[in-house]
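Undergrad: Dropping in data_6.txt, which is compact mmCIF, C-alpha atoms and all ligand atoms:
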# COMPACT_ATOMS: atom_id res chain seq x y z
CA MET A 1 245.56 22.25 7.74
CA GLN A 2 244.52 22.90 11.34
CA ASP A 3 247.00 24.42 13.74
CA PRO A 4 248.02 21.43 15.84
CA GLU A 5 248.73 23.77 18.76
CA SER A 6 245.09 24.82 18.99
CA THR A 7 243.14 23.19 21.80
CA ASP A 8 239.86 23.02 19.83
CA GLY A 9 238.74 19.43 19.46
CA LEU A 10 241.04 18.20 22.21
CA PHE A 11 238.98 16.55 24.87
CA PRO A 12 239.01 18.31 28.21
CA ALA A 13 241.18 16.82 30.94
CA ALA A 14 239.32 13.61 31.42
CA GLY A 15 239.23 14.03 35.20
CA PHE A 16 240.00 10.55 36.38
CA GLU A 17 239.76 10.88 40.15
CA PRO A 18 241.24 7.90 41.99
CA THR A 19 238.18 7.33 44.16
CA MET A 20 235.36 4.80 44.26
CA ALA A 21 232.89 7.69 44.08
CA ALA A 22 234.38 8.76 40.75
CA ALA A 23 234.34 5.19 39.45
CA ARG A 24 230.69 4.82 40.45
CA ALA A 25 229.77 8.16 38.87
CA ARG A 26 231.23 6.97 35.56
CA LEU A 27 229.33 3.74 35.91
CA ALA A 28 226.08 5.60 36.54
CA ALA A 29 226.69 7.62 33.37
CA VAL A 30 226.89 4.57 31.06
CA ARG A 31 224.23 4.76 28.35
CA PRO A 32 224.20 1.41 26.51
CA ALA A 33 221.89 2.48 23.67
CA ALA A 34 223.90 5.63 22.91
CA TYR A 35 227.08 3.60 23.28
CA ALA A 36 225.95 1.12 20.65
CA ARG A 37 225.06 3.94 18.23
CA THR A 38 228.08 6.18 18.71
CA ARG A 39 230.93 4.09 20.14
CA ASN A 40 233.21 4.54 17.13
CA HIS A 41 233.07 8.34 17.17
CA LEU A 42 235.64 10.23 19.21
CA GLU A 43 232.78 12.24 20.71
CA GLY A 44 230.59 9.16 21.15
CA ALA A 45 229.11 7.88 24.40
CA VAL A 46 232.06 5.75 25.45
CA THR A 47 232.38 5.13 29.16
CA ARG A 48 235.99 6.04 30.01
CA LEU A 49 235.84 3.31 32.61
CA SER A 50 239.13 1.74 31.52
CA PRO A 51 241.44 3.24 34.20
CA TYR A 52 239.03 2.02 36.88
CA ILE A 53 238.81 -1.43 35.31
CA THR A 54 242.54 -1.84 34.76
CA HIS A 55 243.31 -0.84 38.33
CA GLY A 56 240.61 -3.03 39.83
CA PHE A 57 238.33 -0.30 41.22
CA LEU A 58 235.66 -2.14 39.22
CA SER A 59 235.58 -5.65 37.81
CA LEU A 60 233.81 -6.42 34.54
CA PRO A 61 230.97 -8.18 36.43
CA ASP A 62 230.62 -5.02 38.60
CA VAL A 63 230.28 -2.97 35.43
CA LEU A 64 227.76 -5.24 33.76
CA GLN A 65 225.73 -5.70 36.93
CA ALA A 66 225.40 -1.95 37.45
CA VAL A 67 224.36 -1.41 33.85
CA LEU A 68 221.85 -4.28 33.89
CA ALA A 69 220.32 -2.93 37.09
CA ARG A 70 219.00 -0.08 34.94
CA GLY A 71 217.61 -2.27 32.15
CA PRO A 72 218.15 -5.61 30.44
CA LEU A 73 220.60 -6.10 27.55
CA GLU A 74 220.90 -8.95 25.11
CA VAL A 75 224.15 -10.83 25.39
CA ARG A 76 225.12 -9.72 21.88
CA HIS A 77 224.68 -6.02 22.75
CA ARG A 78 227.63 -3.93 21.57
CA PHE A 79 228.53 -2.92 25.12
CA VAL A 80 228.78 -6.53 26.31
CA PHE A 81 230.70 -7.44 23.16
CA GLU A 82 233.32 -4.76 23.81
CA LEU A 83 233.75 -5.79 27.45
CA ALA A 84 234.42 -9.27 26.09
CA TRP A 85 237.38 -8.00 24.04
CA ARG A 86 239.18 -7.23 27.26
CA GLU A 87 238.58 -10.76 28.49
CA TYR A 88 239.67 -12.20 25.16
CA PHE A 89 243.03 -10.43 25.43
CA ALA A 90 243.37 -11.63 29.04
CA HIS A 91 242.52 -15.16 27.81
CA VAL A 92 245.32 -15.03 25.22
CA HIS A 93 247.73 -13.60 27.82
CA ALA A 94 246.88 -16.39 30.26
CA HIS A 95 247.66 -18.96 27.58
CA VAL A 96 250.81 -17.50 26.01
CA GLY A 97 252.28 -15.50 28.93
CA ASP A 98 255.25 -13.42 27.82
CA GLY A 99 254.53 -14.61 24.27
CA ILE A 100 252.37 -11.46 23.95
CA PHE A 101 255.63 -9.46 23.70
CA LYS A 102 256.64 -11.23 20.49
CA SER A 103 254.82 -11.22 17.15
CA MET A 104 252.26 -14.03 17.30
CA HIS A 105 252.93 -14.63 13.61
CA THR A 106 254.59 -12.77 10.76
CA GLY A 107 252.79 -9.59 9.79
CA VAL A 108 252.76 -7.85 6.43
CA LEU A 109 256.56 -7.52 6.59
CA PRO A 110 259.11 -9.47 8.64
CA ASP A 111 259.89 -8.06 12.13
CA GLU A 112 263.34 -6.88 10.91
CA ALA A 113 261.71 -4.46 8.45
CA TYR A 114 260.54 -2.25 11.32
CA ALA A 115 262.57 0.31 13.29
CA GLN A 116 263.35 -0.29 16.95
CA ARG A 117 263.23 3.40 17.87
CA TRP A 118 260.18 5.61 18.49
CA PRO A 119 260.61 8.60 16.12
CA ASP A 120 261.07 12.04 17.67
CA ASP A 121 258.19 13.61 15.72
CA LEU A 122 255.79 10.95 16.98
CA ARG A 123 257.11 11.39 20.50
CA GLN A 124 256.64 15.16 20.23
CA GLY A 125 253.31 15.10 18.41
CA CYS A 126 254.62 16.96 15.36
CA THR A 127 254.18 14.50 12.48
CA GLY A 128 252.09 17.06 10.57
CA VAL A 129 249.07 14.69 10.55
CA PRO A 130 246.50 16.33 12.85
CA ALA A 131 244.81 13.04 13.79
CA ILE A 132 248.13 11.70 15.04
CA ASP A 133 249.46 14.85 16.66
CA ARG A 134 246.19 15.43 18.53
CA ALA A 135 246.15 11.84 19.73
CA VAL A 136 249.66 12.24 21.13
CA ARG A 137 248.70 15.49 22.88
CA GLU A 138 245.55 14.02 24.35
CA LEU A 139 247.39 10.96 25.58
CA TYR A 140 249.96 13.15 27.32
CA ALA A 141 247.33 15.53 28.74
CA THR A 142 244.86 12.95 30.08
CA GLY A 143 246.44 9.48 30.07
CA TRP A 144 243.46 8.23 28.07
CA LEU A 145 242.61 7.89 24.37
CA HIS A 146 239.50 6.81 22.50
CA ASN A 147 239.84 3.36 20.92
CA HIS A 148 239.77 4.79 17.40
CA ALA A 149 242.55 7.27 18.18
CA ARG A 150 244.65 4.41 19.61
CA MET A 151 244.12 2.43 16.41
CA TRP A 152 245.04 5.41 14.20
CA LEU A 153 248.21 6.10 16.16
CA ALA A 154 249.27 2.47 16.07
CA SER A 155 248.45 2.03 12.39
CA TYR A 156 250.27 5.19 11.34
CA ALA A 157 253.35 4.26 13.40
CA VAL A 158 253.58 0.67 12.18
CA HIS A 159 252.35 0.73 8.60
CA LEU A 160 253.45 4.17 7.42
CA ARG A 161 256.45 4.95 9.59
CA LYS A 162 257.62 1.33 9.86
CA VAL A 163 258.16 1.36 13.61
CA HIS A 164 257.99 -2.08 15.21
CA TRP A 165 254.67 -2.56 17.02
CA ARG A 166 256.46 -3.50 20.28
CA VAL A 167 258.21 -0.13 20.41
CA GLY A 168 254.92 1.70 20.01
CA ALA A 169 253.11 -0.57 22.46
CA ASP A 170 255.73 0.07 25.16
CA TRP A 171 255.56 3.82 24.56
CA MET A 172 251.75 3.95 24.71
CA PHE A 173 251.53 1.65 27.75
CA ALA A 174 253.86 3.98 29.64
CA HIS A 175 251.56 6.98 29.10
CA LEU A 176 248.15 5.35 29.55
CA LEU A 177 246.26 5.45 32.84
CA ASP A 178 244.59 2.21 31.81
CA GLY A 179 247.78 0.54 30.49
CA ASP A 180 247.07 -3.17 30.50
CA LEU A 181 249.71 -5.43 28.97
CA ALA A 182 247.24 -7.85 27.41
CA SER A 183 244.82 -5.28 25.94
CA ASN A 184 247.57 -2.91 24.87
CA HIS A 185 250.23 -5.16 23.43
CA LEU A 186 247.74 -7.50 21.76
CA SER A 187 245.81 -4.55 20.29
CA TRP A 188 249.06 -3.25 18.79
CA GLN A 189 249.63 -6.72 17.36
CA TRP A 190 246.07 -6.75 16.02
CA VAL A 191 246.69 -3.42 14.25
CA ALA A 192 250.11 -4.58 13.01
CA GLY A 193 248.60 -7.77 11.55
CA THR A 194 250.79 -10.05 13.71
CA ALA A 195 247.78 -11.28 15.71
CA SER A 196 245.11 -10.83 13.02
CA HIS A 197 244.64 -11.77 9.40
CA LYS A 198 245.28 -8.35 7.92
CA PRO A 199 246.81 -5.00 8.86
CA TYR A 200 244.45 -2.34 10.23
CA LEU A 201 244.60 0.67 7.89
CA PHE A 202 242.75 3.97 8.06
CA ASN A 203 242.61 7.07 5.91
CA ALA A 204 241.61 10.73 6.13
CA ASP A 205 237.98 9.92 5.19
CA ASN A 206 237.77 7.56 8.16
CA VAL A 207 239.08 10.29 10.47
CA ALA A 208 236.60 12.80 9.01
CA ARG A 209 233.72 10.40 9.73
CA HIS A 210 234.72 9.66 13.31
CA ALA A 211 236.40 12.77 14.74
CA PRO A 212 235.65 16.48 15.12
CA ALA A 213 237.05 18.94 12.58
CA PRO A 214 240.38 19.77 14.26
CA TRP A 215 241.41 16.13 13.88
CA HIS A 216 240.67 16.04 10.14
CA SER A 217 243.75 15.27 8.10
CA ALA A 218 242.90 16.03 4.46
CA GLY A 219 245.94 16.73 2.34
CA THR A 220 248.31 14.72 4.56
CA VAL A 221 249.96 11.36 3.94
CA ILE A 222 246.88 9.50 5.21
CA ASP A 223 244.68 11.17 2.58
CA GLN A 224 244.89 8.22 0.20
CA SER A 225 242.81 5.27 -0.95
CA TYR A 226 242.92 2.03 1.04
CA GLU A 227 244.58 0.34 -1.96
CA ALA A 228 247.41 2.91 -1.91
CA LEU A 229 247.79 2.60 1.88
CA ASP A 230 247.87 -1.18 1.62
CA ARG A 231 250.70 -0.93 -0.94
CA ILE A 232 252.63 1.36 1.44
CA ALA A 233 252.04 -1.06 4.34
CA ARG A 234 253.56 -3.88 2.26
CA THR A 235 256.66 -1.85 1.26
CA PRO A 236 259.63 -1.57 3.66
CA GLN A 237 260.15 2.13 2.80
CA ALA A 238 258.85 4.43 5.59
CA VAL A 239 256.98 7.63 4.72
CA ALA A 240 258.68 10.84 5.84
CA GLY A 241 257.98 12.24 9.29
CA GLY A 242 257.14 15.84 10.13
CA ARG A 243 258.63 18.88 11.74
CA GLY A 244 255.62 20.81 12.95
CA PRO A 245 255.19 22.56 16.31
CA SER A 246 256.10 20.07 18.96
CA CYS A 247 254.96 19.21 22.47
CA ALA A 248 257.07 17.80 25.28
CA GLU A 249 256.71 14.19 26.33
CA PRO A 250 255.83 13.98 30.04
CA ALA A 251 258.59 12.49 32.16
CA LEU A 252 258.38 8.75 32.76
CA LEU A 253 259.26 7.40 36.18
CA PRO A 254 260.65 3.87 36.56
CA ALA A 255 259.52 3.54 40.20
CA PRO A 256 256.72 4.98 42.34
CA PRO A 257 257.67 8.48 43.41
CA GLY A 258 257.29 10.35 46.60
CA PRO A 259 256.66 9.82 50.27
CA GLY A 260 254.24 7.30 51.70
CA TRP A 261 256.48 4.25 51.40
CA HIS A 262 257.64 2.44 54.52
CA PRO A 263 260.89 0.53 55.03
CA ILE A 264 260.29 -3.15 54.31
CA ASP A 265 260.08 -4.90 57.67
CA GLY A 266 259.08 -8.56 57.40
CA PRO A 267 259.36 -9.40 61.12
CA ALA A 268 256.66 -6.78 61.86
CA LEU A 269 254.19 -9.17 60.21
CA ARG A 270 254.81 -12.06 62.62
CA GLY A 271 251.59 -13.21 64.23
CA HIS A 272 249.49 -11.34 61.67
CA ARG A 273 247.62 -12.26 58.55
CA VAL A 274 248.30 -10.02 55.55
CA GLU A 275 245.85 -8.77 53.00
CA LEU A 276 247.84 -7.84 49.92
CA VAL A 277 246.94 -4.68 48.02
CA HIS A 278 248.54 -3.88 44.69
CA ALA A 279 248.01 -1.48 41.82
CA TRP A 280 245.53 -3.79 40.04
CA ALA A 281 243.27 -4.48 43.01
CA LEU A 282 242.12 -1.06 44.19
CA GLY A 283 238.43 -1.88 44.54
CA GLU A 284 236.27 -1.52 47.60
CA ARG A 285 236.89 -4.10 50.33
CA PRO A 286 235.23 -4.72 53.67
CA ALA A 287 237.24 -3.50 56.68
CA PRO A 288 239.84 -6.14 57.56
CA PRO A 289 239.16 -8.19 60.70
CA ALA A 290 241.38 -7.65 63.76
CA GLY A 291 244.87 -9.08 63.31
CA VAL A 292 244.90 -8.52 59.56
CA ILE A 293 247.41 -5.99 58.18
CA ARG A 294 246.87 -4.51 54.76
CA VAL A 295 250.16 -4.18 52.91
CA GLY A 296 250.36 -2.29 49.62
CA VAL A 297 253.19 -3.56 47.42
CA TRP A 298 255.02 -2.39 44.34
CA ALA A 299 257.44 -4.89 42.83
CA LYS A 300 260.31 -3.21 41.03
CA PRO A 301 260.94 -2.85 38.13
CA GLY A 302 257.18 -3.00 37.43
CA PRO A 303 255.28 -4.88 34.72
CA ALA A 304 257.51 -5.59 31.72
CA GLY A 305 260.03 -3.19 33.27
CA LEU A 306 258.14 -0.25 31.75
CA PRO A 307 258.05 3.17 33.45
CA TRP A 308 254.82 5.12 34.09
CA GLY A 309 253.99 8.79 33.68
CA ALA A 310 253.37 10.90 36.78
CA THR A 311 249.62 11.06 35.96
CA ARG A 312 249.34 7.33 36.41
CA TRP A 313 251.30 7.28 39.64
CA ASP A 314 249.03 10.09 40.87
CA PHE A 315 246.03 7.95 39.99
CA VAL A 316 247.24 4.78 41.66
CA MET A 317 249.25 5.80 44.71
CA PRO A 318 246.73 7.91 46.68
CA ARG A 319 244.11 5.18 46.38
CA MET A 320 246.56 2.50 47.47
CA GLN A 321 247.71 4.61 50.40
CA SER A 322 244.14 5.21 51.50
CA MET A 323 243.58 1.44 51.65
CA CYS A 324 246.76 0.25 53.36
CA ASP A 325 248.42 0.11 56.78
CA LEU A 326 251.86 -0.34 55.24
CA MET A 327 253.27 0.47 51.79
CA TRP A 328 256.34 -1.40 50.59
CA ALA A 329 258.27 -1.05 47.33
CA GLY A 330 261.08 -3.50 46.58
CA THR A 331 262.14 -6.26 44.25
CA ALA A 332 259.83 -9.25 43.89
CA ASP A 333 262.26 -11.34 45.96
CA GLU A 334 262.62 -8.75 48.75
CA LEU A 335 258.86 -8.45 49.06
CA ALA A 336 258.31 -12.21 48.94
CA GLN A 337 260.85 -12.74 51.69
CA ALA A 338 259.32 -10.07 53.93
CA LEU A 339 255.73 -11.22 53.32
CA GLY A 340 256.84 -14.76 54.16
CA HIS A 341 256.89 -13.68 57.84
CA ALA A 342 253.10 -13.32 57.90
CA ASP A 343 250.93 -16.13 59.28
CA ALA A 344 248.84 -16.11 56.10
CA LEU A 345 248.50 -14.10 52.92
CA GLN A 346 245.39 -13.25 50.96
CA GLY A 347 244.60 -10.98 48.06
CA ILE A 348 243.64 -10.91 44.40
CA SER A 349 245.91 -12.26 41.68
CA ASN A 350 246.76 -10.31 38.55
CA PRO A 351 248.92 -10.99 35.50
CA HIS A 352 250.89 -7.78 36.14
CA LEU A 353 252.30 -9.25 39.38
CA PRO A 354 255.73 -10.93 39.31
CA ALA A 355 255.52 -14.44 37.87
CA GLN A 356 257.14 -16.03 40.94
CA TRP A 357 254.24 -14.83 43.11
CA ALA A 358 251.86 -17.07 41.16
CA GLN A 359 252.49 -19.77 43.79
CA TRP A 360 250.74 -17.66 46.46
CA PRO A 361 247.15 -18.58 47.28
CA LEU A 362 245.68 -15.41 45.76
CA GLN A 363 242.09 -15.33 44.61
CA ALA A 364 241.39 -15.04 40.86
CA ALA A 365 239.95 -11.66 39.85
CA ALA A 366 236.25 -11.78 38.99
CA GLY A 367 235.71 -12.31 35.28
CA LEU A 368 232.67 -11.97 33.06
CA LEU A 369 232.80 -14.82 30.58
CA PRO A 370 233.20 -18.50 31.42
CA LEU A 371 236.89 -19.40 31.63
CA GLN A 372 238.04 -21.39 28.65
CA ALA A 373 240.72 -23.99 29.15
CA LEU A 374 241.30 -24.37 25.42
CA ARG A 375 243.03 -21.45 23.75
CA CYS A 376 240.88 -19.68 21.17
CA ASN A 377 242.68 -18.42 18.08
CA SER A 378 240.34 -15.53 17.40
CA PHE A 379 237.95 -13.26 19.24
CA SER A 380 235.02 -14.66 17.29
CA GLN A 381 235.85 -18.20 18.40
CA PHE A 382 236.23 -17.00 22.01
CA TRP A 383 232.95 -15.10 21.89
CA ALA A 384 231.02 -17.95 20.23
CA ARG A 385 232.23 -20.46 22.83
CA ALA A 386 231.66 -18.14 25.79
CA THR A 387 228.15 -17.11 24.85
CA LYS A 388 226.85 -20.36 23.33
CA GLY A 389 223.22 -20.86 24.29
CA LEU A 390 222.93 -17.50 26.11
CA SER A 391 220.54 -14.78 25.03
CA GLN A 392 220.41 -12.25 27.88
CA ALA A 393 223.50 -10.55 29.32
CA THR A 394 222.28 -11.25 32.83
CA GLU A 395 222.90 -14.96 32.17
CA LEU A 396 226.61 -14.16 32.01
CA LEU A 397 226.53 -13.05 35.62
CA HIS A 398 225.10 -16.42 36.61
CA ALA A 399 227.12 -18.54 34.18
CA ARG A 400 230.35 -18.54 36.24
C1 LIG B 501 246.51 0.27 20.21
C2 LIG B 501 245.54 0.02 21.33
C3 LIG B 501 245.98 -0.02 22.64
C4 LIG B 501 245.08 -0.28 23.69
N1 LIG B 501 245.54 -0.33 24.97
C5 LIG B 501 244.69 -0.59 25.99
C6 LIG B 501 245.15 -0.66 27.33
O1 LIG B 501 246.35 -0.56 27.62
N2 LIG B 501 244.21 -0.84 28.32
C7 LIG B 501 242.88 -0.99 28.04
O2 LIG B 501 242.09 -1.14 28.97
N3 LIG B 501 242.44 -0.96 26.77
C8 LIG B 501 243.29 -0.76 25.74
N4 LIG B 501 242.81 -0.72 24.45
C9 LIG B 501 241.39 -1.05 24.20
C10 LIG B 501 240.42 0.15 24.14
O3 LIG B 501 240.92 1.12 23.27
C11 LIG B 501 240.19 0.77 25.53
O4 LIG B 501 239.83 -0.23 26.45
C12 LIG B 501 239.05 1.78 25.48
O5 LIG B 501 239.31 2.76 24.50
C13 LIG B 501 238.92 2.42 26.84
O6 LIG B 501 237.98 3.46 26.83
P1 LIG B 501 236.53 3.27 27.48
O7 LIG B 501 236.69 2.78 28.88
O8 LIG B 501 235.77 4.50 27.24
O9 LIG B 501 235.97 2.08 26.61
P2 LIG B 501 234.44 1.64 26.27
O10 LIG B 501 234.34 1.65 24.82
O11 LIG B 501 233.50 2.50 27.05
O12 LIG B 501 234.38 0.17 26.77
C14 LIG B 501 234.13 -0.22 28.12
C15 LIG B 501 235.25 -1.15 28.57
O13 LIG B 501 235.28 -2.31 27.71
C16 LIG B 501 236.63 -2.71 27.49
N5 LIG B 501 236.96 -2.52 26.07
C17 LIG B 501 236.28 -1.79 25.15
N6 LIG B 501 236.85 -1.90 23.95
C18 LIG B 501 237.92 -2.70 24.11
C19 LIG B 501 238.91 -3.20 23.22
N7 LIG B 501 238.92 -2.91 21.91
N8 LIG B 501 239.88 -3.98 23.73
C20 LIG B 501 239.90 -4.32 25.05
N9 LIG B 501 238.97 -3.88 25.93
C21 LIG B 501 238.00 -3.09 25.46
C22 LIG B 501 237.50 -1.79 28.35
O14 LIG B 501 237.72 -2.40 29.59
C23 LIG B 501 236.63 -0.54 28.47
O15 LIG B 501 236.93 0.22 29.60
C24 LIG B 501 243.71 -0.49 23.40
C25 LIG B 501 243.27 -0.43 22.06
C26 LIG B 501 244.17 -0.18 21.06
C27 LIG B 501 243.66 -0.13 19.63
Please re-express this file's structure in structure tokens.
TA:
Amino acid sequence: MQDPESTDGLFPAAGFEPTMAAARARLAAVRPAAYARTRNHLEGAVTRLSPYITHGFLSLPDVLQAVLARGPLEVRHRFVFELAWREYFAHVHAHVGDGIFKSMHTGVLPDEAYAQRWPDDLRQGCTGVPAIDRAVRELYATGWLHNHARMWLASYAVHLRKVHWRVGADWMFAHLLDGDLASNHLSWQWVAGTASHKPYLFNADNVARHAPAPWHSAGTVIDQSYEALDRIARTPQAVAGGRGPSCAEPALLPAPPGPGWHPIDGPALRGHRVELVHAWALGERPAPPAGVIRVGVWAKPGPAGLPWGATRWDFVMPRMQSMCDLMWAGTADELAQALGHADALQGISNPHLPAQWAQWPLQAAAGLLPLQALRCNSFSQFWARATKGLSQATELLHAR
């Protein structure tokens, strides 16, 4: 077995700079053909755009437009298809709201069969399964994980260790730079089998095919046939955890740290229009006209009341500060009351904002696929409806 302390095969600090220049550089590096060939491999040509997309530096139409400017793609190209997964999860979230926090339907076992506590060895990356321990370390070191590593972590936690998917989803969301409630919590449900027809299972052969050697996990509990793993998934008994060398979980902060915040002062807004800036709308904007004040807001206790790691605050806060005249953190009600003093309010809506702000006249964020009023019960239904009659990806940009 590999020494899980070794740094071989860990991906270098992913270097997510909170600037538009960094977002654009990642966009310029997208290689759709290589992506389609290698996307499932941990060393494949994935884009690492997710922190910039989640935090609104780039919208999905921005991403597609930039990629299509370098060459046409068919609508069914793998890259377009994967972008659509994000919109599918947002579509489900828009329809079920906080329903994403509960199992959409019963999974392989009833909810009560799963533990409500995140095990210490998973928290400390010392399960003894290299693929899992490396994923934990990479998540802590960079705030980002390849899709396959996220699926392995979730599958191991739910199906082998019998931890409830919600517990794992909350833990992962807190450490991700790209933490998005819809994509994260619904992906955990997809792996758990509570939002899909079957549980997602993986074994050591799958890891060996898709990850570099230090991640390989031969001889561990995942080194079994899919039939054996399926039997384990359907049994309430958890497999034993590990006690290998451990790593420390980065501290999680329930509220934005540090200086830069101003006292909330609603009356200061009288006679002004306000342009609202928040953590999910950090894209480029034209300079505000005279009389418009840009106010950056953080509504405590944050989305789903979940804390964030310092890496994520360091990603979000400098960018927000660079965009705003004022920065206010308070409860949703305190902020609403203060912002009520402004002559008018504009900004971009986002599902991570407090529900009671939905009444404000905020603009919908730009999406890629045509909005669907009817809820789709599967990604394939969503995709088929959204792309019906289209052949080239560029048509998506004109379809809305
Ligand atoms: C358990 C689990 C938790 C996840 N949590 C999140 C999360 O909190 N935030 C998040 O943005 N994604 C999440 N994903 C989806 C996916 O893993 C990441 O979007 C992707 O790995 C980000 O890396 P990338 O930008 O290099 O993606 P690429 O593969 O380069 O894809 C480009 C963009 O397409 C979108 N995308 C690609 N694949 C998916 C997918 N399967 N689901 C949704 N969107 C996708 C993302 O916006 C991504 O940035 C999760 C997946 C799993 C299995």
Undergrad: Restricting the calculation to all atoms listed in the file, which member of A:Leu369, A:Val221, A:Leu253, A:Ala393 is positioned closest to Ala84 (chain A)?
TA: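 The closest residue to Ala84 (chain A) is A:Leu369.
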Undergrad: Around ligand LIG 501 (chain B), which protein and nucleic acid residues have at least one atom no more than 6 Å from it, if we count only C-alpha atoms and all ligand atoms? List them as a PDB file with C-alpha atoms, in the coordinates of the input.
TA:
ATOM      1  CA  VAL A  46     232.060   5.750  25.450  1.00  0.00           C
ATOM      2  CA  THR A  47     232.380   5.130  29.160  1.00  0.00           C
ATOM      3  CA  ARG A  48     235.990   6.040  30.010  1.00  0.00           C
ATOM      4  CA  LEU A  49     235.840   3.310  32.610  1.00  0.00           C
ATOM      5  CA  SER A  50     239.130   1.740  31.520  1.00  0.00           C
ATOM      6  CA  ILE A  53     238.810  -1.430  35.310  1.00  0.00           C
ATOM      7  CA  THR A  54     242.540  -1.840  34.760  1.00  0.00           C
ATOM      8  CA  GLU A  82     233.320  -4.760  23.810  1.00  0.00           C
ATOM      9  CA  LEU A  83     233.750  -5.790  27.450  1.00  0.00           C
ATOM     10  CA  TRP A  85     237.380  -8.000  24.040  1.00  0.00           C
ATOM     11  CA  ARG A  86     239.180  -7.230  27.260  1.00  0.00           C
ATOM     12  CA  HIS A 146     239.500   6.810  22.500  1.00  0.00           C
ATOM     13  CA  ASN A 147     239.840   3.360  20.920  1.00  0.00           C
ATOM     14  CA  ARG A 150     244.650   4.410  19.610  1.00  0.00           C
ATOM     15  CA  MET A 151     244.120   2.430  16.410  1.00  0.00           C
ATOM     16  CA  ALA A 154     249.270   2.470  16.070  1.00  0.00           C
ATOM     17  CA  PHE A 173     251.530   1.650  27.750  1.00  0.00           C
ATOM     18  CA  ASP A 178     244.590   2.210  31.810  1.00  0.00           C
ATOM     19  CA  GLY A 179     247.780   0.540  30.490  1.00  0.00           C
ATOM     20  CA  ASP A 180     247.070  -3.170  30.500  1.00  0.00           C
ATOM     21  CA  SER A 183     244.820  -5.280  25.940  1.00  0.00           C
ATOM     22  CA  ASN A 184     247.570  -2.910  24.870  1.00  0.00           C
ATOM     23  CA  SER A 187     245.810  -4.550  20.290  1.00  0.00           C
ATOM     24  CA  TRP A 188     249.060  -3.250  18.790  1.00  0.00           C
TER      25      TRP A 188
END
Undergrad: Each residue of region 168-222 of chain A with at least one atom at most 10 Å from region 42-45 of chain A should appear once, together with its nearest atom pair and the corresponding distance in Å (one decimal); atoms considered: all atoms listed in the file; ordering: chain, then increasing residue number; output as a tab-separated table.
TA:
residue	atom	partner	partner_atom	distance
A:Val207	CA	A:Leu42	CA	9.4
A:Arg209	CA	A:Leu42	CA	9.7
A:His210	CA	A:Leu42	CA	6.0
A:Ala211	CA	A:Leu42	CA	5.2
A:Pro212	CA	A:Leu42	CA	7.5
A:Trp215	CA	A:Leu42	CA	9.8
Undergrad: From the options A:Tyr88, A:Phe379, A:Phe57, A:Phe315, which residue's atoms come nearest to Pro18 (chain A), counting only C-alpha atoms?
TA: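 Checking each candidate against Pro18 (chain A), we get A:Phe315 as the closest.
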Undergrad: List as an MDAnalysis selection string the protein and nucleic acid residues near Pro250 (chain A), meaning an atom at most 9 Å away when all atoms listed in the file are counted, but skip any in the same chain fewer than 6 places from it.
TA: chainID A and resid 140:141 175 309:310
Undergrad: What gap, in Å, lies between CA of Gln224 (chain A) and CA of Asn203 (chain A)?
TA: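 Taking CA of Gln224 (chain A) and CA of Asn203 (chain A), their separation equals 6.3 Å.
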Undergrad: Counting all atoms listed in the file, what is within 8 Å of Pro301 (chain A), bar same-chain residues fewer than 6 positions away, as a PDB file with C-alpha atoms, in the coordinates of the input?
TA:
ATOM      1  CA  PRO A 254     260.650   3.870  36.560  1.00  0.00           C
ATOM      2  CA  ALA A 255     259.520   3.540  40.200  1.00  0.00           C
ATOM      3  CA  THR A 331     262.140  -6.260  44.250  1.00  0.00           C
TER       4      THR A 331
END
Undergrad: Give me, as a PDB file with C-alpha atoms, keeping the file's coordinate frame, all polymer residues having an atom no more than 7 Å from His352 (chain A), counting all atoms listed in the file and skipping those fewer than 2 positions away in the same chain.
TA:
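Heads up, here's the output in out36.pdb:
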ATOM      1  CA  PRO A 303     255.280  -4.880  34.720  1.00  0.00           C
ATOM      2  CA  ASN A 350     246.760 -10.310  38.550  1.00  0.00           C
ATOM      3  CA  PRO A 354     255.730 -10.930  39.310  1.00  0.00           C
TER       4      PRO A 354
END
Undergrad: Taking (245.7, -7.5, 56.7) as a centre in this file's frame and 12 Å as the limit, can you find every polymer residue with an atom that close, using all atoms listed in the file, and give them as number ranges by chain?
TA: A: 269-277, 285-296, 323-326, 339, 342-347
Undergrad: If we count all atoms listed in the file and set the cut-off at 12 Å, which residues sit around Leu201 (chain A), ignoring sequence neighbours fewer than 4 positions away in its own chain? Please answer as number ranges by chain.
TA: A: 108, 148, 151-160, 190-193, 205-207, 222-234
Undergrad: Between A:Leu186, A:Leu181, A:Gly71, A:Arg78, single out the one closest to Arg37 (chain A), counting only C-alpha atoms.
TA: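 The closest residue to Arg37 (chain A) is A:Arg78.
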Undergrad: So, counting all atoms listed in the file, which residue among A:Gly99, A:Gly107, A:Pro119, A:Gly330 is closest to Gly302 (chain A)?
TA: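 Of A:Gly99, A:Gly107, A:Pro119, A:Gly330, the one nearest Gly302 (chain A) is A:Gly330, counting all atoms listed in the file.
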Undergrad: Counting all atoms listed in the file, which of A:Ala373, A:Ala66, A:Ala213, A:Ala182 gets nearest to Phe101 (chain A)?
TA: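 Closest to Phe101 (chain A), using all atoms listed in the file: A:Ala182.
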Undergrad: Just want the 8 Å neighbourhood of His278 (chain A), counted on all atoms listed in the file, with same-chain residues fewer than 4 positions away dropped. Output as a tab-separated table (two decimals) with C-alpha atoms, keeping the file's coordinate frame.
TA:
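Output below, filename selection24.tsv:
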chain	number	residue	atom	x	y	z
A	282	LEU	CA	242.12	-1.06	44.19
A	296	GLY	CA	250.36	-2.29	49.62
A	297	VAL	CA	253.19	-3.56	47.42
A	298	TRP	CA	255.02	-2.39	44.34
A	320	MET	CA	246.56	2.50	47.47
